[in-house]
Amino acid sequence: MSTLLKLASRNIWRNKRRTLITAASILFGVFFASVMRCFQVGAWDNMINSVVKYYFGYAQIHKKGYWEEISLDKSMEHSADFSQIVKAYPEIIDLVPRLESFALASAEKATKGVMVIGIDPEPEHNLTSLKDKIIEGAYLEPDDNAVLVAEGLASFLNFSLGDTIVLISSGYHGANAAGKYPIKGITKFGSPDLNKRLIHLPLKQAQYFFAADNLLSSMVVNIKDKDELQSVMGHLKKELDPEKYEIMDYEELLPDLMEAKALDVAGGKIFMTILYTIIGFGIFGTILMLLRERRYEFGVLTAIGMKRHQISIMVWLELLFVGILGCILGMLLATPVVLYLESNPIEFTGDFAATYEKWGINPVLPAKFDLSIFGRQAWIILLMITLMAIYPFYEIFRLKPIKAMRS
Amino acid sequence: MSDIVIQASELHKTYDETAVPVHALRGVNLQIKQGEFTAIVGPSGSGKSTLLNIIGGLDRPSSGNIQVGGTDISTLNDNQLIDFRKDNIGFVFQSYNLIPVLTAKENVEFVMMLQGSSTEERDRRTKELMDAVGLGDRMHNRPSELSGGQQQRVAVARALAPKPTFILADEPTANLDSTSTANLLDIMARLNKEENITFVFSTHDQRVIDRARRVVVLEDGLIASDTAS
Ligand SMILES: Nc1ncnc2c1ncn2[C@@H]1O[C@H](COP(=O)(O)OP(=O)(O)O)[C@@H](O)[C@H]1O
Ligand SMILES: [Mg+2]
């Protein structure tokens, strides 16, 4: 084996120009594929992070069947189990309780359907930074008997800070629900839809209003690190009775977004397939030239006693060396670029930025530095080289030394 | 009988991939004994290379029998044949014998490495052989840094390294000038005389023929004469 390694490592420098051109094409491919993938992953991370931070959280716990048919009647008890879980698993920052349903908000001259969310102010802020969305007035305290009204809704109903809003709805199991609340703060949301519909009030008041004492629509799981989501999901599924609860991660909560992501990723894969196919042709050209130039030598080598599989391994090692060289250089070049674009993301401006911001998404295109992305490109190249090496193996196995040496 | 290294009987070789089949060998009988210094001579196209290729196990006869060192090499499969060549036959080709990326020393020890000999043994043997071919001071030169004659001498050293039963050389001097030719033949003749190494070589160069101790003349795929001096 050491003989083969020695031969292979020297052979790659026989035709320096060809080796460098081949390595450069691999470098190019690995560089572009890595940078592109890092952008794609980064952009989707940014998108999902924003959406998750906006409202959904990385996971939610509901009463079983709630998500199928969202209704007050599918609320669950605020059980002591939840605080147990938060204590038991340090990866979980908090379980953030919400009780939400619809109501009619009326002012003197107008009435409008709204969405009422009962929240625990402190944990809710930790999850969604709700406090920062207040443009007028103050944030809620747990014992307040007051509401936050979204800006669009307030202006539609012609409300301002300090006014009293009347809410009418039907509560848990059809109970009548009605209440009057002073407006403590005005909130502003990027999404025009939410901005026209949202009313927040303290959880206790919401439970009272909906006649849903100690009931919750959902517990939003606030975790320290997205990478721990899978293990957190495991803990939750272990701790909570699947007959009573459903535990959904953001992928289940946001199927449309996931579909869009899958589509985008598939598009990226098509691009990469084209990129790698072009590079593959280049490598194959190198293989053909190598075989033609070295037929005579392979003939001599088999004549004097080198086995065909040994020659094949030698050729494979040569190709692999060139591949590894290209991969390493590609990664070395991509690393600073990706690292730079990770800490200095490309910022959008103009209409594009406005659209992003409207949906509460940072108008930036960050790259994500992830070694596994680089590693994957290297594997693709090395696998491709190994598959293409089948051709020289085939040629070497049917090579007849005298014929080869007559050429 | 044990000193017979090559026994060829009724060798026929027809190349039939071509439009018109070529009868390159038409019944060759040849016996070569240990320690002989034999030239296979004849005009171009007379079948010298074909005969040497068959003796060397690089090609198979269309019919007839070929035994090398008592082994009927027609019974060996491709892999066994490669091993057989590695362990029993030393080859010197017309040109480009050497692996360009290896130094002279590494070329000489190459087959020994394939055989798995120890470093000490390889070092000892390559030194000895490189001295024997008069290139003890060129051990670490690459083939491109050596003249054609020097390269052929390294090829002889390489062929000898694994202690083969005999050396086959197909027109080893065809690309050499007369000084290098004389030089190479001196070395081959000395190795034959002093070490009793068997050489079978083809040539159509009269100066080379004059140095042979046995001359087998091929004409149209048949042995026309066989004279020992
Ligand atoms: N692979 C081959 N296919 C067809 N004809 C061949 C092949 N090799 C040799 N020949 C023919 O066989 C004859 C003998 O060739 P060769 O053994 O090379 O002779 P020499 O080495 O004496 O010049 C020639 O007529 C040559 O053209
Ligand atoms: Mg010939």
# chains A, B, ... in the order shown; residues from 1 in each chain; ligands from 1

$ closest_atom_pairs --of "chain B" --to "ligand 2" --cutoff "9 Å" --atoms "only C-alpha atoms and all ligand atoms" --output "tab-separated table"
residue	atom	partner	partner_atom_place_in_ligand_line	distance
B:Ser44	CA	ligand 2	1 (Mg)	6.6
B:Gly45	CA	ligand 2	1 (Mg)	6.9
B:Ser46	CA	ligand 2	1 (Mg)	8.2
B:Gly47	CA	ligand 2	1 (Mg)	7.1
B:Lys48	CA	ligand 2	1 (Mg)	5.6
B:Ser49	CA	ligand 2	1 (Mg)	4.1
B:Thr50	CA	ligand 2	1 (Mg)	7.3
B:Leu52	CA	ligand 2	1 (Mg)	8.9
B:Gln94	CA	ligand 2	1 (Mg)	8.9
B:Asp170	CA	ligand 2	1 (Mg)	6.8
B:Glu171	CA	ligand 2	1 (Mg)	7.1
B:Ser202	CA	ligand 2	1 (Mg)	7.8
B:Thr203	CA	ligand 2	1 (Mg)	8.3

$ write_last_selection --atoms "all heavy atoms" --output "short mmCIF file (atom, residue, chain, number, x, y, z; two decimals), in the first residue's frame"
data_model
loop_
_atom_site.label_atom_id
_atom_site.label_comp_id
_atom_site.auth_asym_id
_atom_site.auth_seq_id
_atom_site.Cartn_x
_atom_site.Cartn_y
_atom_site.Cartn_z
N SER B 44 12.68 -7.66 -39.55
CA SER B 44 11.46 -7.12 -38.95
C SER B 44 10.25 -7.88 -39.47
O SER B 44 10.16 -8.14 -40.67
CB SER B 44 11.37 -5.64 -39.29
OG SER B 44 10.22 -5.10 -38.72
N GLY B 45 9.34 -8.25 -38.58
CA GLY B 45 8.14 -8.97 -39.00
C GLY B 45 8.33 -10.47 -39.02
O GLY B 45 7.40 -11.22 -39.36
N SER B 46 9.51 -10.96 -38.61
CA SER B 46 9.75 -12.40 -38.68
C SER B 46 9.14 -13.15 -37.49
O SER B 46 9.09 -14.37 -37.48
CB SER B 46 11.24 -12.67 -38.77
OG SER B 46 11.91 -12.06 -37.68
N GLY B 47 8.69 -12.42 -36.50
CA GLY B 47 8.02 -13.08 -35.38
C GLY B 47 8.81 -13.08 -34.08
O GLY B 47 8.43 -13.77 -33.12
N LYS B 48 9.87 -12.28 -34.01
CA LYS B 48 10.71 -12.26 -32.80
C LYS B 48 9.91 -11.82 -31.56
O LYS B 48 9.93 -12.48 -30.53
CB LYS B 48 11.90 -11.29 -32.99
CG LYS B 48 12.76 -11.57 -34.19
CD LYS B 48 13.96 -10.64 -34.27
CE LYS B 48 13.60 -9.18 -34.54
NZ LYS B 48 13.02 -8.93 -35.89
N SER B 49 9.24 -10.67 -31.72
CA SER B 49 8.48 -10.15 -30.57
C SER B 49 7.38 -11.12 -30.17
O SER B 49 7.14 -11.36 -28.98
CB SER B 49 7.86 -8.79 -30.90
OG SER B 49 8.87 -7.85 -31.13
N THR B 50 6.71 -11.67 -31.17
CA THR B 50 5.64 -12.62 -30.88
C THR B 50 6.17 -13.79 -30.05
O THR B 50 5.58 -14.18 -29.03
CB THR B 50 5.04 -13.13 -32.20
OG1 THR B 50 4.58 -12.01 -32.96
CG2 THR B 50 3.87 -14.07 -31.93
N LEU B 52 8.95 -13.90 -28.16
CA LEU B 52 9.36 -13.48 -26.82
C LEU B 52 8.14 -13.21 -25.93
O LEU B 52 8.14 -13.53 -24.74
CB LEU B 52 10.23 -12.23 -26.88
CG LEU B 52 11.64 -12.39 -27.44
CD1 LEU B 52 12.49 -11.17 -27.11
CD2 LEU B 52 12.34 -13.64 -26.91
N GLN B 94 12.11 -2.44 -25.29
CA GLN B 94 12.89 -1.61 -26.20
C GLN B 94 13.18 -0.22 -25.63
O GLN B 94 14.27 0.31 -25.76
CB GLN B 94 12.10 -1.49 -27.49
CG GLN B 94 12.93 -1.14 -28.67
CD GLN B 94 12.09 -1.29 -29.94
OE1 GLN B 94 11.41 -2.30 -30.12
NE2 GLN B 94 12.15 -0.30 -30.79
N ASP B 170 13.48 -7.65 -25.49
CA ASP B 170 13.05 -7.50 -26.88
C ASP B 170 13.72 -6.26 -27.47
O ASP B 170 13.34 -5.14 -27.14
CB ASP B 170 11.53 -7.38 -26.93
CG ASP B 170 10.99 -7.54 -28.35
OD1 ASP B 170 11.81 -7.72 -29.27
OD2 ASP B 170 9.76 -7.47 -28.52
N GLU B 171 14.69 -6.49 -28.31
CA GLU B 171 15.45 -5.41 -28.94
C GLU B 171 15.88 -4.34 -27.95
O GLU B 171 15.54 -3.16 -28.11
CB GLU B 171 14.64 -4.79 -30.08
CG GLU B 171 14.19 -5.86 -31.05
CD GLU B 171 14.03 -5.36 -32.46
OE1 GLU B 171 14.72 -4.39 -32.83
OE2 GLU B 171 13.23 -5.94 -33.21
N SER B 202 16.17 -10.39 -28.37
CA SER B 202 15.99 -10.33 -29.82
C SER B 202 16.73 -9.11 -30.34
O SER B 202 16.97 -8.15 -29.62
CB SER B 202 14.51 -10.22 -30.15
OG SER B 202 14.02 -8.95 -29.78
N THR B 203 17.13 -9.19 -31.60
CA THR B 203 17.84 -8.06 -32.20
C THR B 203 17.91 -8.26 -33.70
O THR B 203 17.72 -9.37 -34.20
CB THR B 203 19.27 -7.93 -31.61
OG1 THR B 203 19.86 -6.75 -32.12
CG2 THR B 203 20.13 -9.12 -31.95
#

$ interface_residues --of "chain A" --to "chain B" --cutoff "12 Å" --atoms "only C-alpha atoms" --output "PyMOL selection string"
chain A and resi 1-4+6-15+294-311+397-406

$ select_by_dssp --residues "chain B" --states "strand (DSSP E or B)" --output "PyMOL selection string"
chain B and resi 4-15+22-33+37-41+63-68+71-72+89-92+166-170+198-203+214-219+222-228

$ residues_around --residues "A:Tyr66" --least-positions-apart "6" --cutoff "12 Å" --atoms "only C-alpha atoms" --output "MDAnalysis selection string"
chainID A and resid 60 72:76 100 216:219 244:248 253

$ atom_distance --atom1 "atom CA of A:Trp359" --atom2 "atom CA of A:Lys196"
13.6 Å

$ atom_distance --atom1 "atom CA of A:Ile26" --atom2 "atom CA of A:Trp379"
12.0 Å

$ atom_distance --atom1 "atom CA of B:Ser63" --atom2 "atom CA of B:Thr165"
24.0 Å

$ residues_around --residues "stretch 189-195 of chain B" --least-positions-apart "5" --cutoff "9 Å" --atoms "only C-alpha atoms" --output "list of chain:residue names"
B:Gly35, B:Glu36, B:Phe37, B:Ala132, B:Leu184, B:Arg211, B:Ala212

$ residues_around --residues "A:Trp316" --least-positions-apart "3" --cutoff "7 Å" --atoms "only C-alpha atoms" --output "PDB file with C-alpha atoms, in the first residue's frame"
ATOM      1  CA  SER A 312      -6.508   0.588 -10.178  1.00  0.00           C
ATOM      2  CA  ILE A 313      -6.016   1.574  -6.555  1.00  0.00           C
ATOM      3  CA  LEU A 319      -7.843  11.025  -8.454  1.00  0.00           C
ATOM      4  CA  LEU A 320      -8.699  11.131  -4.788  1.00  0.00           C
ATOM      5  CA  THR A 386     -14.870   7.060  -6.869  1.00  0.00           C
ATOM      6  CA  ALA A 389     -12.944   5.656 -11.240  1.00  0.00           C
TER       7      ALA A 389
END

$ residues_around --residues "A:Ser170" --least-positions-apart "6" --cutoff "8 Å" --atoms "only C-alpha atoms" --output "PDB file with C-alpha atoms, in the first residue's frame"
ATOM      1  CA  ALA A 103     -64.592  37.950  19.977  1.00  0.00           C
ATOM      2  CA  ASN A 176     -71.935  34.027  27.426  1.00  0.00           C
ATOM      3  CA  ALA A 177     -68.867  36.181  27.442  1.00  0.00           C
ATOM      4  CA  PHE A 210     -64.198  33.096  28.327  1.00  0.00           C
TER       5      PHE A 210
END

$ select_by_dssp --residues "stretch 169-364 of chain A" --states "helix (DSSP H, G or I)" --output "PyMOL selection string"
chain A and resi 172-174+192-195+203-209+226-239+250-253+255-303+308-343+350-358

$ residues_around --residues "A:Ile134" --least-positions-apart "5" --cutoff "8 Å" --atoms "only C-alpha atoms" --output "PDB file with C-alpha atoms, in the first residue's frame"
ATOM      1  CA  TYR A 139     -47.102  46.608  28.769  1.00  0.00           C
ATOM      2  CA  GLY A 185     -51.191  49.937  25.339  1.00  0.00           C
ATOM      3  CA  ILE A 186     -51.202  50.052  21.553  1.00  0.00           C
ATOM      4  CA  THR A 187     -49.123  47.426  19.746  1.00  0.00           C
ATOM      5  CA  LYS A 188     -47.862  47.422  16.209  1.00  0.00           C
TER       6      LYS A 188
END
